[in-house]
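Asker: Pasting start10.cif below, which is mmCIF, C-alpha atoms.
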```cif
data_query
#
loop_
_atom_site.label_atom_id
_atom_site.label_comp_id
_atom_site.auth_asym_id
_atom_site.auth_seq_id
_atom_site.Cartn_x
_atom_site.Cartn_y
_atom_site.Cartn_z
CA MET A 16 -27.48 99.44 0.62
CA SER A 17 -23.77 98.99 0.49
CA ASN A 18 -22.01 99.21 -2.85
CA ALA A 19 -19.17 96.96 -1.63
CA PRO A 20 -18.41 94.25 -4.14
CA TYR A 21 -19.08 90.53 -3.27
CA PRO A 22 -16.05 88.59 -2.06
CA PRO A 23 -14.41 86.69 -4.87
CA VAL A 24 -15.53 83.05 -5.23
CA ALA A 25 -12.68 80.53 -5.16
CA ARG A 26 -12.63 78.45 -8.30
CA HIS A 27 -10.76 75.13 -8.52
CA HIS A 28 -9.57 73.79 -11.79
CA PRO A 29 -10.44 70.04 -12.30
CA ALA A 30 -6.80 69.24 -12.93
CA ASP A 31 -5.66 70.59 -9.52
CA GLY A 32 -6.52 67.26 -7.77
CA LEU A 33 -4.60 65.25 -10.37
CA ARG A 34 -1.56 67.48 -9.91
CA LYS A 35 -1.45 66.69 -6.19
CA THR A 36 -1.51 62.89 -6.72
CA ARG A 37 0.53 62.79 -9.91
CA ARG A 38 3.86 60.98 -9.88
CA ILE A 39 6.76 61.61 -12.10
CA ILE A 40 7.58 58.35 -13.84
CA ALA A 41 10.80 58.02 -15.76
CA GLU A 42 10.52 56.99 -19.36
CA ASP A 43 11.78 53.50 -18.54
CA LEU A 44 9.89 50.57 -20.02
CA ASP A 45 10.95 48.34 -17.09
CA TRP A 46 9.58 50.71 -14.48
CA VAL A 47 6.70 49.34 -12.39
CA LEU A 48 4.62 50.80 -9.59
CA ALA A 49 4.73 47.61 -7.50
CA THR A 50 5.76 47.96 -3.90
CA VAL A 51 9.40 47.19 -3.26
CA PRO A 52 9.55 43.77 -1.50
CA SER A 53 10.64 43.71 2.11
CA LEU A 54 14.07 42.53 3.11
CA SER A 55 12.60 39.42 4.78
CA GLN A 56 10.75 38.52 1.59
CA LEU A 57 13.93 38.93 -0.43
CA CYS A 58 15.68 36.61 2.02
CA LEU A 59 12.95 33.96 1.67
CA GLN A 60 13.16 34.16 -2.11
CA SER A 61 16.91 33.64 -1.85
CA ILE A 62 16.33 30.56 0.37
CA VAL A 63 13.98 29.10 -2.26
CA GLN A 64 16.46 29.72 -5.07
CA ASN A 65 19.39 28.21 -3.16
CA PHE A 66 17.56 25.49 -1.25
CA GLN A 67 19.41 22.64 -2.91
CA GLU A 68 22.80 23.99 -1.85
CA ARG A 69 21.78 25.42 1.54
CA PRO A 70 18.45 24.02 2.80
CA VAL A 71 16.96 26.19 5.55
CA PHE A 72 13.55 25.30 6.97
CA GLU A 73 13.29 24.33 10.65
CA GLU A 74 14.53 27.74 11.84
CA LEU A 75 11.70 29.57 10.05
CA SER A 76 8.33 30.68 11.44
CA PRO A 77 5.11 28.93 10.32
CA ILE A 78 4.30 31.77 7.88
CA GLU A 79 7.79 31.65 6.42
CA LYS A 80 7.59 27.86 6.07
CA ASP A 81 4.35 28.24 4.12
CA PHE A 82 6.10 30.72 1.81
CA ILE A 83 8.86 28.16 1.13
CA GLN A 84 6.43 25.25 0.62
CA GLU A 85 4.38 27.21 -1.93
CA ARG A 86 7.40 28.19 -4.03
CA LEU A 87 9.99 25.41 -3.67
CA SER A 88 10.44 23.43 -6.88
CA PRO A 89 9.28 19.75 -6.78
CA SER A 90 12.38 18.92 -8.83
CA VAL A 91 14.69 19.47 -5.83
CA PRO A 92 16.29 16.06 -5.05
CA LEU A 93 14.57 13.98 -2.36
CA GLY A 94 17.89 13.69 -0.57
CA VAL A 95 17.55 17.39 0.20
CA THR A 96 13.84 17.71 1.00
CA ALA A 97 12.85 14.36 2.57
CA ASN A 98 14.13 14.96 6.09
CA VAL A 99 13.91 18.76 6.00
CA VAL A 100 10.57 19.86 4.52
CA SER A 101 7.64 18.93 6.77
CA ASP A 102 4.26 17.64 5.63
CA GLY A 103 2.29 20.33 3.80
CA VAL A 104 1.64 22.12 0.53
CA TYR A 105 5.03 21.22 -0.97
CA TRP A 106 4.31 17.48 -0.80
CA LYS A 107 0.80 18.07 -2.13
CA ARG A 108 2.33 19.80 -5.15
CA CYS A 109 4.77 16.90 -5.60
CA CYS A 110 1.91 14.35 -5.54
CA GLU A 111 -0.36 16.25 -7.90
CA GLN A 112 2.48 16.82 -10.35
CA ARG A 113 3.26 13.10 -10.49
CA TRP A 114 -0.14 11.36 -10.22
CA ASP A 115 -3.55 12.25 -11.61
CA LEU A 116 -5.53 10.69 -8.75
CA CYS A 117 -4.49 11.79 -5.28
CA ASP A 118 -6.92 10.83 -2.50
CA VAL A 119 -5.06 11.91 0.60
CA SER A 120 -7.82 10.53 2.85
CA ASN A 121 -6.38 7.05 2.21
CA TYR A 122 -3.13 8.16 3.82
CA ASP A 123 -4.42 9.70 7.07
CA HIS A 124 -4.54 13.05 5.22
CA SER A 125 -0.75 13.15 5.01
CA TRP A 126 0.61 14.30 1.63
CA LYS A 127 4.14 13.39 2.60
CA ARG A 128 3.14 9.85 3.52
CA MET A 129 1.25 9.49 0.23
CA PHE A 130 4.24 10.64 -1.79
CA PHE A 131 6.77 8.31 -0.15
CA GLU A 132 4.52 5.25 -0.04
CA ARG A 133 3.60 5.55 -3.72
CA HIS A 134 7.18 6.38 -4.66
CA MET A 135 8.46 3.26 -2.87
CA GLU A 136 5.72 1.15 -4.46
CA SER A 137 6.71 2.30 -7.94
CA ILE A 138 10.38 1.49 -7.29
CA ILE A 139 9.50 -2.07 -6.19
CA GLU A 140 6.99 -2.64 -8.99
CA LEU A 141 9.54 -1.63 -11.62
CA PHE A 142 12.42 -3.54 -10.03
CA ILE A 143 13.98 -6.04 -12.47
CA PRO A 144 16.15 -8.77 -10.88
CA ASP A 145 19.83 -8.58 -11.89
CA VAL A 146 19.14 -5.34 -13.76
CA THR A 147 17.99 -2.85 -11.14
CA ASP A 148 20.56 -2.14 -8.47
CA PRO A 149 19.16 -3.02 -4.99
CA LYS A 150 20.98 0.06 -3.73
CA THR A 151 18.30 2.24 -5.36
CA VAL A 152 15.77 0.72 -2.96
CA LEU A 153 18.00 0.80 0.11
CA ASP A 154 19.01 4.42 -0.46
CA MET A 155 15.36 5.38 -0.43
CA VAL A 156 14.74 3.68 2.93
CA SER A 157 16.82 6.24 4.80
CA LEU A 158 14.64 8.98 3.30
CA CYS A 159 11.16 7.49 3.56
CA GLY A 160 11.40 4.82 6.26
CA ASN A 161 9.59 6.94 8.84
CA TYR A 162 6.64 7.66 6.56
CA VAL A 163 5.86 4.29 4.94
CA LYS A 164 3.06 2.56 6.84
CA ARG A 165 1.54 0.63 3.94
CA LEU A 166 2.81 -0.95 0.72
CA ASP A 167 0.37 -2.06 -1.97
CA ILE A 168 2.46 -3.86 -4.60
CA SER A 169 0.30 -4.67 -7.64
CA GLN A 170 3.04 -6.35 -9.71
CA LEU A 171 6.47 -7.96 -9.31
CA LEU A 172 8.62 -8.34 -12.39
CA PRO A 173 10.61 -11.52 -13.15
CA PRO A 174 14.16 -11.51 -14.60
CA ILE A 175 14.54 -10.52 -18.24
CA LYS A 176 15.21 -13.39 -20.62
CA GLU A 177 16.94 -12.19 -23.75
CA PRO A 178 16.11 -14.13 -26.95
CA GLU A 179 18.83 -16.60 -27.87
CA LYS A 180 20.62 -16.37 -31.18
CA GLU A 181 20.95 -19.40 -33.45
CA GLU A 182 24.58 -20.00 -32.46
CA GLU A 183 23.71 -19.76 -28.77
CA LYS A 184 20.90 -22.28 -29.20
CA ASN A 185 23.26 -24.77 -30.78
CA SER A 186 25.83 -24.32 -28.04
CA SER A 187 23.21 -24.56 -25.31
CA ASP A 188 22.14 -27.94 -26.64
CA LEU A 189 25.65 -29.19 -25.97
CA ALA A 190 26.00 -27.54 -22.57
CA SER A 191 25.03 -29.41 -19.43
CA ASP A 192 22.37 -28.17 -17.04
CA TYR A 193 24.76 -27.05 -14.31
CA GLU A 194 26.46 -24.63 -16.68
CA VAL A 195 23.28 -22.62 -17.25
CA GLU A 196 23.34 -19.35 -15.35
CA THR A 197 20.33 -18.73 -13.13
CA PRO A 198 19.22 -15.29 -11.91
CA SER A 199 20.10 -14.33 -8.34
CA MET A 200 16.39 -13.86 -7.51
CA ASP A 201 13.05 -14.63 -9.16
CA HIS A 202 11.35 -11.39 -8.09
CA PHE A 203 12.18 -8.51 -5.77
CA ASP A 204 13.77 -9.82 -2.57
CA PHE A 205 11.81 -8.38 0.37
CA SER A 206 14.35 -9.67 2.88
CA ILE A 207 16.58 -6.68 2.09
CA LEU A 208 13.82 -4.20 2.86
CA LEU A 209 11.12 -5.09 5.39
CA ASP A 210 13.27 -5.10 8.53
CA LYS A 211 14.32 -1.53 7.69
CA LEU A 212 10.77 -0.18 7.37
CA THR A 213 10.20 0.28 11.07
CA CYS A 214 6.72 1.82 10.67
CA LEU A 215 5.27 -0.66 8.14
CA GLU A 216 1.84 -1.95 9.24
CA LYS A 217 0.16 -3.19 6.04
CA LEU A 218 1.63 -5.20 3.18
CA HIS A 219 -0.32 -6.31 0.08
CA LEU A 220 1.46 -8.32 -2.61
CA VAL A 221 0.40 -9.76 -5.96
CA TYR A 222 2.99 -11.83 -7.84
CA ARG A 223 2.04 -10.98 -11.41
CA VAL A 224 2.99 -8.84 -14.40
CA LYS A 225 0.49 -6.24 -15.51
CA GLN A 226 -0.05 -5.53 -19.21
CA CYS A 227 2.25 -8.33 -20.35
CA GLY A 228 0.39 -8.63 -23.68
CA MET A 229 1.72 -11.24 -26.10
CA ASN A 230 4.64 -11.99 -23.76
CA PHE A 231 2.31 -13.90 -21.41
CA VAL A 232 3.63 -17.03 -19.74
CA TRP A 233 2.14 -18.72 -16.67
CA ASN A 234 5.20 -18.30 -14.45
CA MET A 235 4.68 -14.53 -14.54
CA PHE A 236 1.77 -15.09 -12.16
CA GLU A 237 3.15 -17.12 -9.29
CA MET A 238 5.31 -16.99 -6.21
CA THR A 239 8.32 -19.27 -6.50
CA ASP A 240 10.07 -21.29 -3.78
CA ARG A 241 12.87 -18.72 -3.61
CA ASP A 242 10.36 -15.89 -3.38
CA CYS A 243 8.64 -17.67 -0.51
CA GLU A 244 11.87 -18.32 1.37
CA SER A 245 13.02 -14.70 1.19
CA LEU A 246 9.56 -13.31 1.99
CA ALA A 247 9.12 -15.64 4.97
CA LYS A 248 12.38 -14.38 6.50
CA ALA A 249 11.34 -10.80 5.85
CA LEU A 250 7.93 -11.24 7.49
CA LYS A 251 9.48 -12.71 10.60
CA SER A 252 11.76 -9.69 10.95
CA CYS A 253 8.96 -7.13 10.41
CA LYS A 254 7.64 -6.88 13.96
CA THR A 255 5.26 -3.96 13.28
CA LEU A 256 3.22 -5.69 10.54
CA LYS A 257 -0.51 -5.85 11.30
CA VAL A 258 -2.06 -6.75 7.93
CA LEU A 259 -0.67 -9.20 5.35
CA LYS A 260 -2.41 -9.84 2.02
CA ILE A 261 -1.00 -12.06 -0.74
CA ASN A 262 -3.55 -12.64 -3.49
CA GLN A 263 -3.59 -14.22 -6.96
CA SER A 264 -0.07 -15.60 -6.56
CA ASN A 265 -0.58 -19.36 -6.91
CA ILE A 266 0.32 -20.08 -3.29
CA ASN A 267 0.07 -23.84 -2.81
CA ASP A 268 0.23 -25.96 0.35
CA ASN A 269 4.03 -26.00 0.55
CA LEU A 270 4.37 -22.25 0.15
CA CYS A 271 1.56 -21.63 2.61
CA ARG A 272 3.15 -23.86 5.25
CA ARG A 273 6.51 -22.13 4.85
CA LEU A 274 4.97 -18.68 5.23
CA VAL A 275 2.86 -19.69 8.21
CA LYS A 276 5.87 -21.22 9.98
CA ASN A 277 7.46 -17.77 10.11
CA LEU A 278 4.24 -16.08 11.23
CA LEU A 279 3.70 -18.20 14.34
CA ASP A 280 3.64 -16.06 17.49
CA HIS A 281 4.01 -12.87 15.43
CA PRO A 282 3.65 -10.02 17.96
CA SER A 283 1.42 -7.69 15.92
CA LEU A 284 -0.22 -9.56 13.01
CA ARG A 285 -4.01 -9.14 13.15
CA GLU A 286 -5.25 -9.76 9.59
CA LEU A 287 -4.21 -12.44 7.10
CA ASP A 288 -5.61 -12.64 3.55
CA PHE A 289 -4.52 -15.54 1.32
CA SER A 290 -7.58 -15.37 -0.96
CA HIS A 291 -7.51 -16.42 -4.64
CA ASN A 292 -4.69 -18.95 -4.35
CA LEU A 293 -4.24 -22.74 -4.47
CA ILE A 294 -4.21 -23.62 -0.76
CA GLY A 295 -5.53 -27.10 0.05
CA ASP A 296 -6.00 -29.17 3.18
CA ARG A 297 -2.32 -29.31 4.21
CA GLY A 298 -2.12 -25.55 4.02
CA ALA A 299 -5.38 -25.25 5.96
CA ARG A 300 -3.96 -27.42 8.75
CA ALA A 301 -0.99 -25.04 8.99
CA LEU A 302 -3.39 -22.08 9.16
CA GLY A 303 -5.27 -23.86 11.93
CA LYS A 304 -2.04 -24.05 13.87
CA LEU A 305 -1.53 -20.34 13.23
CA LEU A 306 -4.94 -19.61 14.77
CA SER A 307 -3.74 -21.33 17.93
CA ASN A 308 -0.42 -19.45 17.98
CA SER A 309 -1.30 -15.89 17.05
CA LYS A 310 -3.70 -13.04 17.77
CA LEU A 311 -5.38 -13.04 14.36
CA GLU A 312 -8.70 -11.20 14.17
CA ILE A 313 -9.40 -11.58 10.42
CA LEU A 314 -8.67 -14.66 8.28
CA ASN A 315 -9.69 -14.59 4.61
CA LEU A 316 -9.19 -17.84 2.64
CA CYS A 317 -11.68 -17.13 -0.13
CA ASP A 318 -11.27 -18.96 -3.47
CA ASN A 319 -8.83 -21.72 -2.57
CA ASP A 320 -9.00 -25.54 -2.66
CA ILE A 321 -9.82 -26.32 0.96
CA ARG A 322 -11.97 -29.42 1.49
CA ASP A 323 -13.40 -31.20 4.53
CA PRO A 324 -10.09 -32.25 6.21
CA GLY A 325 -8.82 -28.69 6.02
CA ALA A 326 -12.11 -27.28 7.26
CA LYS A 327 -12.07 -29.69 10.22
CA ALA A 328 -8.54 -28.54 11.13
CA ILE A 329 -9.66 -24.90 11.05
CA ALA A 330 -12.78 -25.81 13.06
CA HIS A 331 -10.67 -27.51 15.73
CA ALA A 332 -8.55 -24.38 16.09
CA LEU A 333 -11.67 -22.19 16.06
CA SER A 334 -13.16 -24.08 19.01
CA LYS A 335 -10.19 -22.99 21.15
CA ASN A 336 -9.59 -19.55 19.64
CA SER A 337 -10.47 -16.36 21.52
CA THR A 338 -9.37 -13.61 19.13
CA LEU A 339 -10.77 -14.31 15.65
CA LEU A 340 -13.64 -12.02 14.61
CA PHE A 341 -14.03 -12.79 10.88
CA LEU A 342 -13.54 -16.04 8.93
CA SER A 343 -14.16 -16.47 5.20
CA LEU A 344 -14.03 -19.85 3.48
CA ARG A 345 -16.09 -18.70 0.51
CA LEU A 346 -15.47 -20.35 -2.87
CA ASN A 347 -13.78 -23.48 -1.52
CA ARG A 348 -14.72 -27.19 -1.69
CA LEU A 349 -16.33 -27.75 1.71
CA SER A 350 -19.11 -30.32 2.01
CA ASP A 351 -21.28 -31.15 5.01
CA GLU A 352 -18.54 -32.94 6.93
CA GLY A 353 -16.50 -29.77 7.12
CA GLY A 354 -19.56 -27.54 7.54
CA LYS A 355 -20.85 -29.52 10.53
CA ALA A 356 -17.40 -29.39 12.13
CA ILE A 357 -17.46 -25.61 11.95
CA GLY A 358 -20.97 -25.61 13.40
CA GLN A 359 -19.81 -27.70 16.35
CA ALA A 360 -16.82 -25.39 16.86
CA LEU A 361 -19.18 -22.43 17.17
CA LEU A 362 -20.77 -24.08 20.19
CA LYS A 363 -17.49 -23.47 22.04
CA ASN A 364 -16.28 -20.28 20.37
CA ASN A 365 -17.58 -17.00 21.80
CA THR A 366 -15.63 -14.36 19.84
CA LEU A 367 -16.34 -14.90 16.10
CA LEU A 368 -18.67 -12.23 14.68
CA GLN A 369 -18.86 -13.08 10.97
CA LEU A 370 -18.65 -16.40 9.10
CA HIS A 371 -18.74 -16.73 5.29
CA LEU A 372 -19.29 -20.20 3.78
CA GLY A 373 -20.85 -19.09 0.53
CA ALA A 374 -20.27 -20.91 -2.78
CA ASN A 375 -19.21 -24.25 -1.29
CA ARG A 376 -20.87 -27.70 -1.42
CA VAL A 377 -22.68 -27.64 1.90
CA THR A 378 -26.33 -28.66 2.10
CA GLY A 379 -29.07 -28.98 4.71
CA PRO A 380 -27.13 -30.79 7.46
CA THR A 381 -24.62 -27.92 7.63
CA ALA A 382 -27.44 -25.41 7.92
CA VAL A 383 -28.97 -27.44 10.74
CA ALA A 384 -25.63 -27.61 12.59
CA LEU A 385 -25.17 -23.86 12.27
CA SER A 386 -28.72 -23.15 13.43
CA LYS A 387 -28.10 -25.22 16.56
CA ALA A 388 -24.92 -23.24 17.19
CA LEU A 389 -26.86 -19.98 16.83
CA ALA A 390 -29.27 -21.09 19.50
CA GLN A 391 -26.42 -21.08 22.03
CA ASN A 392 -23.93 -18.63 20.52
CA ASN A 393 -24.87 -15.04 21.34
CA THR A 394 -21.76 -13.50 19.76
CA LEU A 395 -22.10 -14.44 16.10
CA LYS A 396 -23.75 -11.65 14.08
CA SER A 397 -23.58 -12.90 10.48
CA ILE A 398 -23.49 -16.24 8.63
CA ASN A 399 -23.40 -16.28 4.83
CA LEU A 400 -24.44 -19.53 3.13
CA SER A 401 -25.28 -18.08 -0.27
CA CYS A 402 -24.70 -20.10 -3.46
CA ASN A 403 -25.04 -23.46 -1.71
CA ASN A 404 -27.64 -26.12 -2.37
CA LEU A 405 -29.32 -26.09 1.04
CA GLY A 406 -32.73 -27.36 -0.10
CA GLU A 407 -35.70 -27.23 2.23
CA ILE A 408 -34.63 -27.14 5.85
CA ARG A 409 -36.72 -27.95 8.88
CA VAL A 410 -35.17 -27.47 12.28
CA GLU A 411 -36.89 -28.67 15.45
CA ASN A 412 -35.98 -28.49 19.10
CA VAL A 413 -32.81 -26.47 18.66
CA GLN A 414 -33.07 -25.08 22.16
#
```
What do you get writing this file as structure tokens?
Answerer:
Amino acid sequence: MSNAPYPPVARHHPADGLRKTRRIIAEDLDWVLATVPSLSQLCLQSIVQNFQERPVFEELSPIEKDFIQERLSPSVPLGVTANVVSDGVYWKRCCEQRWDLCDVSNYDHSWKRMFFERHMESIIELFIPDVTDPKTVLDMVSLCGNYVKRLDISQLLPPIKEPEKEEEKNSSDLASDYEVETPSMDHFDFSILLDKLTCLEKLHLVYRVKQCGMNFVWNMFEMTDRDCESLAKALKSCKTLKVLKINQSNINDNLCRRLVKNLLDHPSLRELDFSHNLIGDRGARALGKLLSNSKLEILNLCDNDIRDPGAKAIAHALSKNSTLLFLSLRLNRLSDEGGKAIGQALLKNNTLLQLHLGANRVTGPTAVALSKALAQNNTLKSINLSCNNLGEIRVENVQ
């Protein structure tokens, strides 16, 4: 047996591993272990910080553009970003910072379109005649004109009338009518705008003042003659418009006829909605003429004052029309004379899909006339006669 000693066993101190990975850190309170940013990242940060003075975007790669969009301040003037920064996260941040509800699905999932449409709407809705400079609207057109496809204007403000002092009242009693100054416009003048919005397809207007409170007067809720004249010119110049809606604006026969005159033979108009107004038979006759001189597919005249003569004029146009798909005369004053005329028109029309005559004054004879039309008309899919006093109806030999 050998007396040679065992080879020494290597022993490692627990601190040896820490010594190998330990770093010497200076006693500097500002020292951090974060990785030093790359030169390209430093350059991108510099672009963000100086974007207002020197906007750089198109030359960047997609990843670099995302970096800019995530960090660029929404407070940068629109004159800098509008035609430089493409649709993306930046415009989403701008929308969410400004509005609580942001459903981008209503804007073809385009955040940039949402921002500019709602921004333009707010400018128009807060426009005060003879107070707001029209240049504020026109300057915005050059920035957002390519992105505005729809305008939904929920209010239009009238001119401000300052309360008269006692001395002014006394002097005004002595002054003649022609000396009284009148405002240059009654509401926002669309003739300065619509021909410049080359992508506009849908326009919805309501001539009213929201939340007027104790300042309520009836003329806050109506389109005036001057409004109609300027809007009619604007509509004629807007060749891309497909949908026009003017509701709750007290449109009477005269205003309706003036608007329709400028919509005849419009190249792109497909939907017209004049519901909740004051249109009577003369206005309905003008709309009948429009049906014969347009490519309308939807006509909504709900809640107006159309009676039998107006319904007969629309029926005459309907008998020759080949484009209309939907017609609503709900909540009007039609009786059986007008209802039967529409029924007879459906014997010749082969394009209308839906007809709404609910809440009128039609009775059994109208229902009989429509049932006879259904026996021959294979196109019509829906007729609504709700809220009418039809009584008991018996139809025989309709074939």
Asker: For a quick check of understanding, using only C-alpha atoms, which of A:Glu68, A:Asp145, A:Asp154, A:Asp115 has the smallest distance to Pro198 of chain A?
Answerer: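 For Pro198 of chain A, the nearest of the candidates is A:Asp145.
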Asker: Kindly assemble as CSV a list of the segment 93-171 of chain A residues that lie within 12 Å of segment 230-237 of chain A, each paired with its nearest atom pair and their distance in Å to one decimal, using only C-alpha atoms, sorted first by chain and then by ascending residue number.
Answerer:
```
residue,atom,partner,partner_atom,distance
A:Ser169,CA,A:Phe236,CA,11.5
A:Gln170,CA,A:Phe236,CA,9.2
A:Leu171,CA,A:Met235,CA,8.6
```
Asker: What separation in Å, quoted to one decimal, exists between atom CA of His331 of chain A and atom CA of Ile357 of chain A?
Answerer: 8.0 Å
Asker: If I take atom CA of Leu316 of chain A and atom CA of His291 of chain A, how far is one from the other in Å, to one decimal?
Answerer: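 Value for the atom CA of Leu316 of chain A-atom CA of His291 of chain A distance: 7.6 Å.
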Asker: Contacts of segment 299-313 of chain A at 6 Å or less, counting all atoms listed in the file, minus same-chain residues fewer than 3 places along, as a PyMOL selection string?
Answerer: chain A and resi 272+279-280+285-286+296+325+328-329+332+338-341
Asker: For the residues selected in the previous step, produce a file with C-alpha atoms as an mmCIF file, in the frame of the given file.
Answerer:
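Ended up saving to part-v2.cif:
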```cif
data_model
loop_
_atom_site.group_PDB
_atom_site.id
_atom_site.type_symbol
_atom_site.label_atom_id
_atom_site.label_comp_id
_atom_site.auth_asym_id
_atom_site.auth_seq_id
_atom_site.Cartn_x
_atom_site.Cartn_y
_atom_site.Cartn_z
ATOM 1 C CA ARG A 272 3.150 -23.860 5.250
ATOM 2 C CA LEU A 279 3.700 -18.200 14.340
ATOM 3 C CA ASP A 280 3.640 -16.060 17.490
ATOM 4 C CA ARG A 285 -4.010 -9.140 13.150
ATOM 5 C CA GLU A 286 -5.250 -9.760 9.590
ATOM 6 C CA ASP A 296 -6.000 -29.170 3.180
ATOM 7 C CA GLY A 325 -8.820 -28.690 6.020
ATOM 8 C CA ALA A 328 -8.540 -28.540 11.130
ATOM 9 C CA ILE A 329 -9.660 -24.900 11.050
ATOM 10 C CA ALA A 332 -8.550 -24.380 16.090
ATOM 11 C CA THR A 338 -9.370 -13.610 19.130
ATOM 12 C CA LEU A 339 -10.770 -14.310 15.650
ATOM 13 C CA LEU A 340 -13.640 -12.020 14.610
ATOM 14 C CA PHE A 341 -14.030 -12.790 10.880
#
```
Asker: Hey, can you pull every residue with an atom no more than 9 Å from (-2.7, -15.1, -1.5), using all atoms listed in the file, and send it as a PyMOL selection string?
Answerer: chain A and resi 220-221+260-266+271+288-294+316
Asker: Could you turn the residues from that selection into a file that holds C-alpha atoms, as an mmCIF file, in the coordinates of the input?
Answerer:
```cif
data_model
loop_
_atom_site.group_PDB
_atom_site.id
_atom_site.type_symbol
_atom_site.label_atom_id
_atom_site.label_comp_id
_atom_site.auth_asym_id
_atom_site.auth_seq_id
_atom_site.Cartn_x
_atom_site.Cartn_y
_atom_site.Cartn_z
ATOM 1 C CA LEU A 220 1.460 -8.320 -2.610
ATOM 2 C CA VAL A 221 0.400 -9.760 -5.960
ATOM 3 C CA LYS A 260 -2.410 -9.840 2.020
ATOM 4 C CA ILE A 261 -1.000 -12.060 -0.740
ATOM 5 C CA ASN A 262 -3.550 -12.640 -3.490
ATOM 6 C CA GLN A 263 -3.590 -14.220 -6.960
ATOM 7 C CA SER A 264 -0.070 -15.600 -6.560
ATOM 8 C CA ASN A 265 -0.580 -19.360 -6.910
ATOM 9 C CA ILE A 266 0.320 -20.080 -3.290
ATOM 10 C CA CYS A 271 1.560 -21.630 2.610
ATOM 11 C CA ASP A 288 -5.610 -12.640 3.550
ATOM 12 C CA PHE A 289 -4.520 -15.540 1.320
ATOM 13 C CA SER A 290 -7.580 -15.370 -0.960
ATOM 14 C CA HIS A 291 -7.510 -16.420 -4.640
ATOM 15 C CA ASN A 292 -4.690 -18.950 -4.350
ATOM 16 C CA LEU A 293 -4.240 -22.740 -4.470
ATOM 17 C CA ILE A 294 -4.210 -23.620 -0.760
ATOM 18 C CA LEU A 316 -9.190 -17.840 2.640
#
```
Asker: Taking the file above as input, evaluate the PyMOL selection byres ((chain A and resi 93) around 12) and report the hits as a list in words.
Answerer: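 With the shown file as input, the PyMOL selection byres ((chain A and resi 93) around 12) matches Phe66, Gln67, Pro70, Ser88, Pro89, Ser90, Val91, Pro92, Gly94, Val95, Thr96, Ala97, Asn98, Val99, Val100, Trp106, Cys109, Lys127, Phe130, Phe131, His134, Asp154, Met155, Val156, Ser157, Leu158 and Cys159 of chain A.
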Asker: I'd like to know which of A:Gly295, A:Val152, A:Leu333, A:Leu212 is closest to Asn319 of chain A, using all atoms listed in the file.
Answerer: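 Looking only at the distances to Asn319 of chain A, the closest residue turns out to be A:Gly295.
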Asker: Provide the atom CA of Pro174 of chain A to atom CA of Pro144 of chain A distance in Å, to one decimal place.
Answerer: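 That distance, rounded to one decimal, is 5.0 Å.
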Asker: Using all atoms listed in the file, which protein or nucleic acid residues come within 12 Å of segment 247-249 of chain A? Drop anything in the same chain fewer than 4 positions from it, and give the result as an MDAnalysis selection string.
Answerer: chainID A and resid 203:212 218 238 240:243 253:256 259 270:279 281
Asker: Counting only C-alpha atoms, which residues have an atom no more than 8 Å from (-20.6, -23.0, -1.0) in the file's coordinates? Please list them as a list in words.
Answerer: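 Those residues lying close to the given coordinates are Arg345, Leu346, Asn347, Arg348, Leu349, Leu372, Gly373, Ala374, Asn375, Arg376, Val377, Leu400, Ser401, Cys402, Asn403 and Asn404 of chain A.
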Asker: Can you work out which one of A:Asn336, A:Tyr162, A:Gly103, A:Leu344 has the shortest atom-to-atom distance to Asp320 of chain A, counting only C-alpha atoms?
Answerer: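 Of all the options, A:Leu344 lies closest to Asp320 of chain A.
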Asker: I need the output of the PyMOL selection byres ((chain A and resi 172) around 7) for this file as a JSON list (two decimals) with C-alpha atoms, in the coordinates of the input; which residues are they?
Answerer:
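Done, and the output landed in expr_14.json:
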```json
[["chain", "number", "residue", "atom", "x", "y", "z"],
["A", 140, "GLU", "CA", 6.99, -2.64, -8.99],
["A", 141, "LEU", "CA", 9.54, -1.63, -11.62],
["A", 142, "PHE", "CA", 12.42, -3.54, -10.03],
["A", 143, "ILE", "CA", 13.98, -6.04, -12.47],
["A", 170, "GLN", "CA", 3.04, -6.35, -9.71],
["A", 171, "LEU", "CA", 6.47, -7.96, -9.31],
["A", 173, "PRO", "CA", 10.61, -11.52, -13.15],
["A", 174, "PRO", "CA", 14.16, -11.51, -14.60],
["A", 202, "HIS", "CA", 11.35, -11.39, -8.09],
["A", 224, "VAL", "CA", 2.99, -8.84, -14.40]]
```
Asker: Tell me which protein, DNA and RNA residues are within 9 Å of Asp102 of chain A, counting only C-alpha atoms, leaving out same-chain ones fewer than 6 positions away, and put them as a PyMOL selection string.
Answerer: chain A and resi 125-128
Asker: Any chance you could resolve the PyMOL selection byres ((chain A and resi 73-79) around 10) against this file and give the residues as a PyMOL selection string?
Answerer: chain A and resi 55-56+59+70-72+80-84+99-101
Asker: Return the padded bounding box of segment 248-254 of chain A as lines of an AutoDock Vina configuration file: axis-aligned, built from all atoms listed in the file, 4 Å added on each side, with centre and edge lengths in Å to one decimal.
Answerer:
```
center_x = 10.0
center_y = -10.6
center_z = 9.9
size_x = 12.7
size_y = 15.5
size_z = 16.1
```
